[in-house]
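Coordinates as given in protein_32.pdb (PDB, C-alpha atoms and all ligand atoms):
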```pdb
ATOM      1  CA  LYS A 788     -13.064 -14.301   9.950
ATOM      2  CA  ILE A 789     -10.355 -12.152   8.323
ATOM      3  CA  LEU A 790      -6.567 -12.661   8.547
ATOM      4  CA  VAL A 791      -4.289  -9.682   7.811
ATOM      5  CA  ILE A 792      -0.741 -10.764   6.983
ATOM      6  CA  GLY A 793       1.722  -7.856   7.396
ATOM      7  CA  ALA A 794      -0.540  -6.094   9.913
ATOM      8  CA  ASN A 795       2.343  -4.030  11.342
ATOM      9  CA  GLY A 796       3.083  -2.390   7.985
ATOM     10  CA  GLN A 797       2.160   1.068   6.674
ATOM     11  CA  LEU A 798      -1.039  -0.186   4.999
ATOM     12  CA  GLY A 799      -1.614  -3.344   7.037
ATOM     13  CA  SER A 800      -1.864  -1.498  10.348
ATOM     14  CA  VAL A 801      -4.530   0.946   9.140
ATOM     15  CA  LEU A 802      -6.383  -1.738   7.199
ATOM     16  CA  THR A 803      -6.514  -3.924  10.315
ATOM     17  CA  SER A 804      -8.115  -1.196  12.416
ATOM     18  CA  GLU A 805     -10.582  -0.252   9.660
ATOM     19  CA  LEU A 806     -11.593  -3.900   9.189
ATOM     20  CA  ARG A 807     -12.032  -4.233  12.973
ATOM     21  CA  ASN A 808     -14.223  -1.114  13.055
ATOM     22  CA  LYS A 809     -16.328  -2.580  10.272
ATOM     23  CA  PHE A 810     -16.522  -6.274  11.203
ATOM     24  CA  GLY A 811     -15.724  -6.310  14.925
ATOM     25  CA  ASP A 812     -12.419  -6.828  16.708
ATOM     26  CA  GLU A 813     -13.000 -10.514  17.255
ATOM     27  CA  ASN A 814     -13.427 -11.127  13.506
ATOM     28  CA  VAL A 815     -10.068  -9.726  12.392
ATOM     29  CA  ILE A 816      -6.829 -11.542  13.225
ATOM     30  CA  ALA A 817      -3.693  -9.417  12.810
ATOM     31  CA  SER A 818      -0.369 -11.090  12.057
ATOM     32  CA  ASP A 819       3.204 -10.111  11.346
ATOM     33  CA  LEU A 820       6.781 -11.277  11.926
ATOM     34  CA  LYS A 821       6.728 -10.117  15.511
ATOM     35  CA  GLY A 822       4.119  -9.290  18.127
ATOM     36  CA  SER A 823       2.522  -5.888  17.919
ATOM     37  CA  GLU A 824       2.301  -4.327  21.384
ATOM     38  CA  GLY A 825      -0.350  -1.839  20.282
ATOM     39  CA  SER A 826      -2.638  -4.447  18.797
ATOM     40  CA  LYS A 827      -5.920  -4.286  20.669
ATOM     41  CA  GLY A 828      -7.337  -7.388  19.008
ATOM     42  CA  LYS A 829      -6.219 -10.930  18.325
ATOM     43  CA  PHE A 830      -2.627 -11.147  17.068
ATOM     44  CA  GLU A 831      -0.653 -14.137  15.751
ATOM     45  CA  VAL A 832       3.062 -14.176  14.914
ATOM     46  CA  ILE A 833       3.363 -15.376  11.285
ATOM     47  CA  ASP A 834       6.465 -15.559   9.131
ATOM     48  CA  ALA A 835       4.625 -15.761   5.793
ATOM     49  CA  THR A 836       7.528 -17.670   4.206
ATOM     50  CA  ASP A 837       6.356 -20.580   6.418
ATOM     51  CA  ILE A 838       3.275 -22.120   4.785
ATOM     52  CA  HIS A 839       2.592 -24.431   7.748
ATOM     53  CA  ARG A 840       2.360 -21.466  10.118
ATOM     54  CA  ILE A 841      -0.143 -19.694   7.842
ATOM     55  CA  GLU A 842      -2.210 -22.901   7.547
ATOM     56  CA  GLU A 843      -2.106 -23.367  11.347
ATOM     57  CA  VAL A 844      -3.538 -19.865  11.967
ATOM     58  CA  VAL A 845      -6.131 -20.211   9.174
ATOM     59  CA  THR A 846      -7.354 -23.475  10.710
ATOM     60  CA  LYS A 847      -7.252 -22.278  14.328
ATOM     61  CA  HIS A 848      -9.346 -19.148  13.638
ATOM     62  CA  LYS A 849     -11.510 -20.580  10.813
ATOM     63  CA  ILE A 850     -10.312 -17.784   8.468
ATOM     64  CA  THR A 851     -12.489 -17.047   5.418
ATOM     65  CA  GLN A 852     -10.676 -13.997   3.988
ATOM     66  CA  ILE A 853      -6.942 -13.171   3.753
ATOM     67  CA  TYR A 854      -5.395  -9.737   3.111
ATOM     68  CA  HIS A 855      -1.730 -10.323   2.164
ATOM     69  CA  LEU A 856       0.045  -7.069   3.004
ATOM     70  CA  ALA A 857       3.576  -8.400   3.579
ATOM     71  CA  ALA A 858       6.298  -7.557   1.027
ATOM     72  CA  ILE A 859       9.704  -5.916   0.721
ATOM     73  CA  LEU A 860       9.124  -2.528  -0.955
ATOM     74  CA  SER A 861      10.855  -0.914  -3.954
ATOM     75  CA  ALA A 862      13.814   0.936  -2.415
ATOM     76  CA  LYS A 863      14.617  -1.544   0.350
ATOM     77  CA  GLY A 864      14.148  -4.397  -2.113
ATOM     78  CA  GLU A 865      17.050  -3.196  -4.278
ATOM     79  CA  GLU A 866      19.559  -3.873  -1.491
ATOM     80  CA  THR A 867      19.213  -7.661  -1.807
ATOM     81  CA  PRO A 868      17.513  -8.420  -5.160
ATOM     82  CA  LEU A 869      17.415 -12.224  -4.988
ATOM     83  CA  SER A 870      16.126 -12.441  -1.424
ATOM     84  CA  THR A 871      13.539  -9.720  -2.173
ATOM     85  CA  TRP A 872      12.261 -11.866  -5.045
ATOM     86  CA  ASP A 873      12.268 -15.001  -2.874
ATOM     87  CA  ILE A 874      10.400 -13.356   0.005
ATOM     88  CA  ASN A 875       7.816 -11.527  -2.132
ATOM     89  CA  MET A 876       7.082 -14.581  -4.301
ATOM     90  CA  LYS A 877       7.311 -17.255  -1.581
ATOM     91  CA  THR A 878       4.887 -15.432   0.704
ATOM     92  CA  LEU A 879       2.428 -14.968  -2.176
ATOM     93  CA  PHE A 880       2.682 -18.643  -3.230
ATOM     94  CA  ASN A 881       2.029 -19.647   0.390
ATOM     95  CA  VAL A 882      -1.061 -17.434   0.608
ATOM     96  CA  LEU A 883      -2.333 -18.756  -2.759
ATOM     97  CA  GLU A 884      -1.823 -22.403  -1.793
ATOM     98  CA  VAL A 885      -3.280 -22.063   1.715
ATOM     99  CA  SER A 886      -6.275 -20.203   0.246
ATOM    100  CA  ARG A 887      -6.845 -22.826  -2.461
ATOM    101  CA  ASN A 888      -6.537 -25.724  -0.014
ATOM    102  CA  ASN A 889      -8.651 -24.216   2.775
ATOM    103  CA  ASN A 890     -11.614 -22.859   0.837
ATOM    104  CA  ILE A 891     -10.745 -19.241   1.541
ATOM    105  CA  ASP A 892     -13.637 -17.184   0.202
ATOM    106  CA  ARG A 893     -11.700 -14.063  -0.842
ATOM    107  CA  VAL A 894      -8.043 -12.931  -0.978
ATOM    108  CA  PHE A 895      -6.581  -9.435  -1.378
ATOM    109  CA  PHE A 896      -3.176  -8.996  -3.027
ATOM    110  CA  PRO A 897      -1.646  -5.484  -3.224
ATOM    111  CA  SER A 898       0.144  -4.539  -6.428
ATOM    112  CA  SER A 899       1.691  -1.179  -7.246
ATOM    113  CA  ILE A 900       2.338   1.432  -9.910
ATOM    114  CA  ALA A 901       5.872   0.006  -9.650
ATOM    115  CA  VAL A 902       4.794  -2.594 -12.247
ATOM    116  CA  PHE A 903       5.027   0.123 -14.916
ATOM    117  CA  GLY A 904       8.297   1.224 -16.527
ATOM    118  CA  GLU A 905       9.815   2.305 -19.852
ATOM    119  CA  GLY A 906       7.320   1.796 -22.650
ATOM    120  CA  ALA A 907       4.133   2.635 -20.728
ATOM    121  CA  PRO A 908       2.539   6.067 -21.269
ATOM    122  CA  LEU A 909       3.904   8.419 -18.583
ATOM    123  CA  ASN A 910       0.585  10.234 -18.200
ATOM    124  CA  ASN A 911      -2.779   8.595 -17.521
ATOM    125  CA  THR A 912      -1.171   5.175 -17.681
ATOM    126  CA  PRO A 913      -4.018   2.749 -18.496
ATOM    127  CA  ASP A 914      -4.796  -0.585 -16.796
ATOM    128  CA  ASP A 915      -3.653  -2.542 -19.852
ATOM    129  CA  ALA A 916      -0.361  -0.706 -20.444
ATOM    130  CA  TYR A 917       2.735  -2.811 -21.104
ATOM    131  CA  LEU A 918       4.311  -3.813 -17.769
ATOM    132  CA  ASN A 919       8.086  -3.248 -17.691
ATOM    133  CA  PRO A 920       9.153  -3.096 -14.020
ATOM    134  CA  ALA A 921      12.769  -2.080 -13.332
ATOM    135  CA  THR A 922      12.810  -2.875  -9.594
ATOM    136  CA  VAL A 923      12.734  -6.352  -8.067
ATOM    137  CA  TYR A 924       9.713  -5.261  -6.021
ATOM    138  CA  GLY A 925       7.936  -4.162  -9.231
ATOM    139  CA  MET A 926       8.913  -7.424 -10.945
ATOM    140  CA  SER A 927       7.532  -9.423  -8.014
ATOM    141  CA  LYS A 928       4.267  -7.469  -8.166
ATOM    142  CA  ALA A 929       3.909  -7.906 -11.945
ATOM    143  CA  ALA A 930       4.583 -11.639 -11.598
ATOM    144  CA  GLY A 931       2.252 -11.716  -8.598
ATOM    145  CA  GLU A 932      -0.555 -10.241 -10.709
ATOM    146  CA  ASN A 933      -0.133 -13.060 -13.227
ATOM    147  CA  TRP A 934      -0.140 -15.662 -10.449
ATOM    148  CA  ALA A 935      -3.284 -14.118  -8.927
ATOM    149  CA  GLN A 936      -5.044 -14.323 -12.293
ATOM    150  CA  TYR A 937      -3.780 -17.908 -12.732
ATOM    151  CA  TYR A 938      -5.277 -19.043  -9.398
ATOM    152  CA  PHE A 939      -8.553 -17.392 -10.381
ATOM    153  CA  LEU A 940      -8.658 -19.000 -13.838
ATOM    154  CA  ARG A 941      -7.347 -22.459 -12.802
ATOM    155  CA  TYR A 942      -8.783 -22.898  -9.317
ATOM    156  CA  GLY A 943     -11.562 -20.299  -9.148
ATOM    157  CA  LEU A 944      -9.882 -18.525  -6.215
ATOM    158  CA  ASP A 945     -11.575 -15.143  -5.727
ATOM    159  CA  ILE A 946      -8.375 -13.094  -5.394
ATOM    160  CA  ARG A 947      -8.578  -9.346  -6.032
ATOM    161  CA  SER A 948      -5.837  -6.742  -6.422
ATOM    162  CA  ILE A 949      -5.167  -2.991  -6.584
ATOM    163  CA  ARG A 950      -2.076  -1.220  -7.958
ATOM    164  CA  TYR A 951      -1.498   1.277  -5.151
ATOM    165  CA  PRO A 952       0.084   4.646  -5.898
ATOM    166  CA  GLY A 953       2.340   6.074  -3.172
ATOM    167  CA  VAL A 954       0.262   5.957   0.013
ATOM    168  CA  ILE A 955       0.274   8.943   2.381
ATOM    169  CA  GLY A 956      -1.128   8.631   5.899
ATOM    170  CA  TYR A 957      -0.614   9.992   9.400
ATOM    171  CA  GLN A 958      -1.483   6.753  11.201
ATOM    172  CA  SER A 959       1.672   4.801  10.273
ATOM    173  CA  LEU A 960       5.150   5.181   8.843
ATOM    174  CA  PRO A 961       6.108   3.715   5.434
ATOM    175  CA  GLY A 962       8.965   1.245   5.240
ATOM    176  CA  GLY A 963      11.467   1.181   2.390
ATOM    177  CA  GLY A 964       9.436   2.716  -0.424
ATOM    178  CA  THR A 965      10.385   5.265  -3.073
ATOM    179  CA  THR A 966       7.335   7.385  -2.208
ATOM    180  CA  ASP A 967       8.147   7.510   1.524
ATOM    181  CA  TYR A 968       9.358  11.116   1.169
ATOM    182  CA  ALA A 969       5.721  12.217   0.851
ATOM    183  CA  VAL A 970       4.994  11.024   4.405
ATOM    184  CA  ASP A 971       8.271  12.074   6.032
ATOM    185  CA  ILE A 972       7.950  15.626   4.662
ATOM    186  CA  TYR A 973       4.833  16.316   6.753
ATOM    187  CA  HIS A 974       6.464  15.014   9.929
ATOM    188  CA  LYS A 975       9.496  17.252   9.382
ATOM    189  CA  ALA A 976       7.309  20.309   8.706
ATOM    190  CA  VAL A 977       5.291  19.817  11.900
ATOM    191  CA  LEU A 978       8.472  19.189  13.912
ATOM    192  CA  LYS A 979       9.861  22.422  12.367
ATOM    193  CA  GLU A 980      12.895  20.541  11.044
ATOM    194  CA  ASP A 981      14.596  20.925   7.660
ATOM    195  CA  PHE A 982      13.685  18.225   5.123
ATOM    196  CA  ASP A 983      16.161  16.424   2.851
ATOM    197  CA  CYS A 984      14.223  15.191  -0.179
ATOM    198  CA  PHE A 985      15.650  12.128  -1.930
ATOM    199  CA  LEU A 986      13.754  12.920  -5.149
ATOM    200  CA  LYS A 987      14.140  15.863  -7.552
ATOM    201  CA  GLU A 988      11.743  18.747  -6.983
ATOM    202  CA  ASP A 989       9.869  18.045 -10.219
ATOM    203  CA  ALA A 990       9.533  14.243  -9.711
ATOM    204  CA  THR A 991       5.771  13.975 -10.152
ATOM    205  CA  LEU A 992       4.316  10.646  -8.957
ATOM    206  CA  PRO A 993       0.840   9.202  -8.485
ATOM    207  CA  MET A 994      -0.088   9.321  -4.798
ATOM    208  CA  ILE A 995      -3.141   8.517  -2.722
ATOM    209  CA  PHE A 996      -4.317   9.445   0.776
ATOM    210  CA  MET A 997      -4.437   6.497   3.185
ATOM    211  CA  ASP A 998      -8.179   6.877   3.801
ATOM    212  CA  ASP A 999      -8.812   6.673   0.038
ATOM    213  CA  ALA A1000      -6.500   3.648  -0.333
ATOM    214  CA  ILE A1001      -8.193   1.758   2.511
ATOM    215  CA  ARG A1002     -11.694   2.615   1.246
ATOM    216  CA  ALA A1003     -10.721   1.448  -2.265
ATOM    217  CA  THR A1004      -9.476  -1.849  -0.838
ATOM    218  CA  ILE A1005     -12.654  -2.547   1.111
ATOM    219  CA  GLU A1006     -14.909  -1.382  -1.751
ATOM    220  CA  LEU A1007     -13.112  -3.754  -4.144
ATOM    221  CA  MET A1008     -13.361  -6.646  -1.681
ATOM    222  CA  GLU A1009     -17.092  -5.999  -1.187
ATOM    223  CA  ALA A1010     -17.931  -5.646  -4.889
ATOM    224  CA  PRO A1011     -20.121  -8.438  -6.310
ATOM    225  CA  LYS A1012     -17.900 -11.116  -7.859
ATOM    226  CA  GLU A1013     -19.595 -10.801 -11.255
ATOM    227  CA  ASN A1014     -18.555  -7.111 -11.438
ATOM    228  CA  ILE A1015     -14.839  -7.925 -11.281
ATOM    229  CA  THR A1016     -13.467  -7.958 -14.844
ATOM    230  CA  VAL A1017      -9.772  -7.466 -13.969
ATOM    231  CA  ARG A1018      -8.075 -10.433 -12.278
ATOM    232  CA  THR A1019      -4.505  -9.189 -12.588
ATOM    233  CA  SER A1020      -4.754  -5.850 -10.767
ATOM    234  CA  TYR A1021      -6.791  -2.629 -10.920
ATOM    235  CA  ASN A1022      -5.211   0.790 -11.394
ATOM    236  CA  ILE A1023      -6.555   3.348  -8.951
ATOM    237  CA  SER A1024      -5.796   7.061  -9.092
ATOM    238  CA  GLY A1025      -5.607   9.412  -6.127
ATOM    239  CA  ILE A1026      -3.719  12.655  -6.810
ATOM    240  CA  SER A1027      -0.403  13.222  -8.613
ATOM    241  CA  PHE A1028       2.088  15.791  -7.401
ATOM    242  CA  SER A1029       5.799  16.615  -7.274
ATOM    243  CA  PRO A1030       7.918  17.366  -4.201
ATOM    244  CA  SER A1031       7.887  21.087  -5.032
ATOM    245  CA  GLU A1032       4.089  21.095  -5.201
ATOM    246  CA  VAL A1033       3.705  19.519  -1.767
ATOM    247  CA  VAL A1034       6.357  21.908  -0.383
ATOM    248  CA  ASP A1035       4.322  24.861  -1.704
ATOM    249  CA  GLU A1036       1.198  23.497   0.001
ATOM    250  CA  ILE A1037       3.043  22.994   3.300
ATOM    251  CA  ARG A1038       4.535  26.497   3.132
ATOM    252  CA  LYS A1039       1.023  27.937   3.232
ATOM    253  CA  LEU A1040       1.038  26.804   6.884
ATOM    254  CA  TYR A1041       4.789  26.712   7.548
ATOM    255  CA  PRO A1042       6.267  29.610   5.495
ATOM    256  CA  ASP A1043       9.801  28.981   6.766
ATOM    257  CA  PHE A1044       9.825  25.266   5.951
ATOM    258  CA  LYS A1045      13.284  24.483   4.531
ATOM    259  CA  VAL A1046      13.853  21.715   1.961
ATOM    260  CA  ASN A1047      17.157  20.443   0.536
ATOM    261  CA  TYR A1048      16.818  18.392  -2.662
ATOM    262  CA  LYS A1049      19.329  15.527  -2.555
ATOM    263  CA  PRO A1050      18.224  13.003  -5.208
ATOM    264  CA  ASP A1051      19.625   9.525  -4.639
ATOM    265  CA  PHE A1052      19.073   6.072  -6.259
ATOM    266  CA  ARG A1053      15.371   6.387  -5.526
ATOM    267  CA  GLN A1054      15.143   9.193  -8.099
ATOM    268  CA  GLU A1055      16.227   6.653 -10.716
ATOM    269  CA  ILE A1056      13.394   4.338  -9.646
ATOM    270  CA  ALA A1057      10.824   7.167  -9.596
ATOM    271  CA  SER A1058      11.877   8.400 -13.037
ATOM    272  CA  ARG A1059      10.590   5.171 -14.617
ATOM    273  CA  TRP A1060       7.205   5.273 -12.879
ATOM    274  CA  PRO A1061       4.104   6.952 -14.324
ATOM    275  CA  LYS A1062       3.294  10.558 -13.488
ATOM    276  CA  SER A1063      -0.436   9.880 -13.424
ATOM    277  CA  ILE A1064      -2.767   6.917 -13.631
ATOM    278  CA  ASP A1065      -5.971   6.177 -15.550
ATOM    279  CA  ASP A1066      -8.348   4.127 -13.423
ATOM    280  CA  ALA A1067     -11.203   3.615 -15.908
ATOM    281  CA  ALA A1068     -11.720  -0.058 -15.053
ATOM    282  CA  ALA A1069     -12.009   0.554 -11.281
ATOM    283  CA  LYS A1070     -14.510   3.352 -11.920
ATOM    284  CA  LYS A1071     -16.585   1.166 -14.226
ATOM    285  CA  ASP A1072     -16.440  -2.160 -12.358
ATOM    286  CA  TRP A1073     -16.834  -1.022  -8.753
ATOM    287  CA  GLY A1074     -17.511   2.723  -8.794
ATOM    288  CA  TRP A1075     -14.111   3.853  -7.547
ATOM    289  CA  LYS A1076     -13.621   7.605  -6.980
ATOM    290  CA  SER A1077     -10.926   9.258  -4.898
ATOM    291  CA  GLN A1078     -12.001  11.949  -2.404
ATOM    292  CA  PHE A1079      -8.736  13.601  -1.267
ATOM    293  CA  ASN A1080      -6.714  16.086  -3.333
ATOM    294  CA  LEU A1081      -3.372  17.613  -2.296
ATOM    295  CA  ASP A1082      -4.995  20.471  -0.317
ATOM    296  CA  ASP A1083      -7.154  17.991   1.627
ATOM    297  CA  ILE A1084      -4.210  15.654   2.273
ATOM    298  CA  THR A1085      -2.018  18.511   3.498
ATOM    299  CA  GLU A1086      -4.734  19.896   5.782
ATOM    300  CA  VAL A1087      -5.447  16.520   7.408
ATOM    301  CA  MET A1088      -1.808  15.410   7.643
ATOM    302  CA  ILE A1089      -0.706  18.651   9.324
ATOM    303  CA  GLN A1090      -3.663  18.737  11.708
ATOM    304  CA  LYS A1091      -3.300  15.084  12.744
ATOM    305  CA  LEU A1092       0.480  15.246  13.109
ATOM    306  CA  GLN A1093       0.242  18.429  15.194
ATOM    307  CA  GLU A1094      -2.145  16.566  17.528
ATOM    308  CA  LYS A1095       0.139  13.548  17.589
ATOM    309  CA  TYR A1096       3.277  15.490  18.467
ATOM    310  CA  ARG A1097       1.463  17.692  20.982
ATOM    311  CA  LYS A1098       0.142  14.569  22.700
ATOM    312  CA  GLY A1099       3.538  12.905  22.393
ATOM    313  CA  SER A1100       5.326  15.837  24.010
ATOM    314  CA  ARG A1101       2.747  15.810  26.852
ATOM    315  CA  ASN A1102       3.576  12.121  27.444
ATOM    316  CA  LYS A1103       7.284  13.000  27.532
ATOM    317  CA  GLU A1104       6.774  15.798  30.122
TER     318      GLU A1104
HETATM  319  C1  LIG A1201       7.018   1.951  -2.776
HETATM  320  N1  LIG A1201       5.175   2.853  -1.443
HETATM  321  O1  LIG A1201       7.443   3.071  -2.840
HETATM  322  C2  LIG A1201       5.560   1.767  -2.346
HETATM  323  C3  LIG A1201       4.650   1.790  -3.549
HETATM  324  C4  LIG A1201       4.054   3.058  -5.606
HETATM  325  C5  LIG A1201       4.923   3.002  -4.447
HETATM  326  O2  LIG A1201       4.747   0.609  -4.241
HETATM  327  O3  LIG A1201       7.692   0.998  -3.033
END
```
If you took the structure in this file and wrote it as structure tokens, what would it be?
Amino acid sequence: KILVIGANGQLGSVLTSELRNKFGDENVIASDLKGSEGSKGKFEVIDATDIHRIEEVVTKHKITQIYHLAAILSAKGEETPLSTWDINMKTLFNVLEVSRNNNIDRVFFPSSIAVFGEGAPLNNTPDDAYLNPATVYGMSKAAGENWAQYYFLRYGLDIRSIRYPGVIGYQSLPGGGTTDYAVDIYHKAVLKEDFDCFLKEDATLPMIFMDDAIRATIELMEAPKENITVRTSYNISGISFSPSEVVDEIRKLYPDFKVNYKPDFRQEIASRWPKSIDDAAAKKDWGWKSQFNLDDITEVMIQKLQEKYRKGSRNKE
């Protein structure tokens, strides 16, 4: 039985439905801070800062795997640094301790390219680059990677991790990230609204399509234990692009799409992140390979969002 913590989030919501498709609705328990009306399967309210509540759900449903997808993201996290640290670390410690004490077979912990900063190569940043995070979120993910490795080395906990690039999907909205512009831009184009971009037009960042990110997660979690050589976190690479490049792609379908570049504090965060990622270890250890480039992402995002808004407008009529 699988427990997804943070199942209402951008990644957690899609991961929950993919895991249900794969393992059956009854074998995947979704959880988050508050009930999810849309959830078609079993749902439990969990505040992951409460270890007893996590333990209660793990025991009740005889959980054997935990995907910990709850965290405060990079941009939002900068509003209240100390509580961001507390929440991101406390929830991870709770998941680690519950897993160790309840014989959880496998744990997934999401890290991020936000762990990189000044001092790492900007292009093709390798797995073993020096970690120098400049956001509290990035610091909590870098520390989290060390804690994940510690619980593997000390207690033998089979915890696995991926450093996600900016994730782009049509199924869910991001919440509080620096890469959120890359999702919002498609919604604005389809709604024929102007788009205010909070990054500079040449701010190239590593991104990944949601379907690739979810497939990577499940492929890592299904890899034979003996193949896993990285117990901090694996780099994975999707496709890198800048705001102006995605605007050019969108304009092939929406020639009049208007964008205003209004860089804010998030540009400062993005400027310290890599422009592209080297994912040699993921390729070697578990055969990772991304399938969606910027053309593919744009085609699918536009098509799916057109359907969504057409359907939505029908509902409103
Ligand atoms: C964020 N979407 O922007 C997340 C992710 C690499 C970016 O960590 O904070």
Convert the output of the PyMOL selection byres (((not hetatm)) within 8 of (chain A and resi 1201)) on the shown file into explicit residues, formatted as a PyMOL selection string.
chain A and resi 860-862+898-901+924-925+950-954+961-967+993-994
C-alpha atoms of the current selection, written as an mmCIF file, in the frame of the given file:
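Ended up saving to part20.cif:
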```
data_model
loop_
_atom_site.group_PDB
_atom_site.id
_atom_site.type_symbol
_atom_site.label_atom_id
_atom_site.label_comp_id
_atom_site.auth_asym_id
_atom_site.auth_seq_id
_atom_site.Cartn_x
_atom_site.Cartn_y
_atom_site.Cartn_z
ATOM 1 C CA LEU A 860 9.124 -2.528 -0.955
ATOM 2 C CA SER A 861 10.855 -0.914 -3.954
ATOM 3 C CA ALA A 862 13.814 0.936 -2.415
ATOM 4 C CA SER A 898 0.144 -4.539 -6.428
ATOM 5 C CA SER A 899 1.691 -1.179 -7.246
ATOM 6 C CA ILE A 900 2.338 1.432 -9.910
ATOM 7 C CA ALA A 901 5.872 0.006 -9.650
ATOM 8 C CA TYR A 924 9.713 -5.261 -6.021
ATOM 9 C CA GLY A 925 7.936 -4.162 -9.231
ATOM 10 C CA ARG A 950 -2.076 -1.220 -7.958
ATOM 11 C CA TYR A 951 -1.498 1.277 -5.151
ATOM 12 C CA PRO A 952 0.084 4.646 -5.898
ATOM 13 C CA GLY A 953 2.340 6.074 -3.172
ATOM 14 C CA VAL A 954 0.262 5.957 0.013
ATOM 15 C CA PRO A 961 6.108 3.715 5.434
ATOM 16 C CA GLY A 962 8.965 1.245 5.240
ATOM 17 C CA GLY A 963 11.467 1.181 2.390
ATOM 18 C CA GLY A 964 9.436 2.716 -0.424
ATOM 19 C CA THR A 965 10.385 5.265 -3.073
ATOM 20 C CA THR A 966 7.335 7.385 -2.208
ATOM 21 C CA ASP A 967 8.147 7.510 1.524
ATOM 22 C CA PRO A 993 0.840 9.202 -8.485
ATOM 23 C CA MET A 994 -0.088 9.321 -4.798
#
```
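Between CA of Ile816 (chain A) and CA of Lys863 (chain A) there is a distance of 26.9 Å.
Evaluating the PyMOL selection byres (((chain A and resi 822) around 12) and not hetatm) against the shown model yields A:Gly793, A:Ala794, A:Asn795, A:Ala817, A:Ser818, A:Asp819, A:Leu820, A:Lys821, A:Ser823, A:Glu824, A:Gly825, A:Ser826, A:Lys827, A:Gly828, A:Lys829, A:Phe830, A:Glu831, A:Val832, A:Ile833, A:Asp834.
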Emit the selected residues as a JSON list (two decimals), in the frame of the given file, including C-alpha atoms.
```
[["chain", "number", "residue", "atom", "x", "y", "z"],
["A", 793, "GLY", "CA", 1.72, -7.86, 7.40],
["A", 794, "ALA", "CA", -0.54, -6.09, 9.91],
["A", 795, "ASN", "CA", 2.34, -4.03, 11.34],
["A", 817, "ALA", "CA", -3.69, -9.42, 12.81],
["A", 818, "SER", "CA", -0.37, -11.09, 12.06],
["A", 819, "ASP", "CA", 3.20, -10.11, 11.35],
["A", 820, "LEU", "CA", 6.78, -11.28, 11.93],
["A", 821, "LYS", "CA", 6.73, -10.12, 15.51],
["A", 823, "SER", "CA", 2.52, -5.89, 17.92],
["A", 824, "GLU", "CA", 2.30, -4.33, 21.38],
["A", 825, "GLY", "CA", -0.35, -1.84, 20.28],
["A", 826, "SER", "CA", -2.64, -4.45, 18.80],
["A", 827, "LYS", "CA", -5.92, -4.29, 20.67],
["A", 828, "GLY", "CA", -7.34, -7.39, 19.01],
["A", 829, "LYS", "CA", -6.22, -10.93, 18.32],
["A", 830, "PHE", "CA", -2.63, -11.15, 17.07],
["A", 831, "GLU", "CA", -0.65, -14.14, 15.75],
["A", 832, "VAL", "CA", 3.06, -14.18, 14.91],
["A", 833, "ILE", "CA", 3.36, -15.38, 11.28],
["A", 834, "ASP", "CA", 6.46, -15.56, 9.13]]
```
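Residues matched by the PyMOL selection byres (((chain A and resi 1020-1035) around 6) and not hetatm) in this file are Asp914, Ser948, Ile949, Arg950, Glu988, Asp989, Ala990, Thr991, Leu992, Pro993, Met994, Ile995, Arg1018, Thr1019, Glu1036, Ile1037, Arg1038, Ser1063, Ile1064, Asp1066, Ser1077 and Asn1080 of chain A.
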12 Å contact set for Asn933 (chain A), all atoms listed in the file, chain neighbours under 4 positions out, as a PDB file with C-alpha atoms, in the frame of the given file:
```pdb
ATOM      1  CA  MET A 876       7.082 -14.581  -4.301  1.00  0.00           C
ATOM      2  CA  LEU A 879       2.428 -14.968  -2.176  1.00  0.00           C
ATOM      3  CA  PHE A 880       2.682 -18.643  -3.230  1.00  0.00           C
ATOM      4  CA  PHE A 896      -3.176  -8.996  -3.027  1.00  0.00           C
ATOM      5  CA  SER A 898       0.144  -4.539  -6.428  1.00  0.00           C
ATOM      6  CA  VAL A 902       4.794  -2.594 -12.247  1.00  0.00           C
ATOM      7  CA  LEU A 918       4.311  -3.813 -17.769  1.00  0.00           C
ATOM      8  CA  MET A 926       8.913  -7.424 -10.945  1.00  0.00           C
ATOM      9  CA  SER A 927       7.532  -9.423  -8.014  1.00  0.00           C
ATOM     10  CA  LYS A 928       4.267  -7.469  -8.166  1.00  0.00           C
ATOM     11  CA  ALA A 929       3.909  -7.906 -11.945  1.00  0.00           C
ATOM     12  CA  TYR A 937      -3.780 -17.908 -12.732  1.00  0.00           C
ATOM     13  CA  TYR A 938      -5.277 -19.043  -9.398  1.00  0.00           C
ATOM     14  CA  PHE A 939      -8.553 -17.392 -10.381  1.00  0.00           C
ATOM     15  CA  LEU A 940      -8.658 -19.000 -13.838  1.00  0.00           C
ATOM     16  CA  ARG A 941      -7.347 -22.459 -12.802  1.00  0.00           C
ATOM     17  CA  ILE A 946      -8.375 -13.094  -5.394  1.00  0.00           C
ATOM     18  CA  ARG A 947      -8.578  -9.346  -6.032  1.00  0.00           C
ATOM     19  CA  SER A 948      -5.837  -6.742  -6.422  1.00  0.00           C
ATOM     20  CA  VAL A1017      -9.772  -7.466 -13.969  1.00  0.00           C
ATOM     21  CA  ARG A1018      -8.075 -10.433 -12.278  1.00  0.00           C
ATOM     22  CA  THR A1019      -4.505  -9.189 -12.588  1.00  0.00           C
ATOM     23  CA  SER A1020      -4.754  -5.850 -10.767  1.00  0.00           C
TER      24      SER A1020
END
```
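Reported to one decimal place, the separation of CA of Pro1042 (chain A) from CA of Gln958 (chain A) is 24.8 Å.
Among the candidates A:Glu1006, A:Asp892, A:Asp971, A:Glu1086, the residue lying nearest to Ile789 (chain A) is A:Asp892 (atoms considered: only C-alpha atoms).
Counting all atoms listed in the file, the residue from A:Pro868, A:Arg1002, A:Met1088, A:Gly799 that sits nearest to Ala969 (chain A) is A:Met1088.
With distances restricted to all atoms listed in the file, A:Trp1060 is the closest residue to Glu905 (chain A) from A:Phe1052, A:Trp1060, A:Tyr1096, A:Tyr854.
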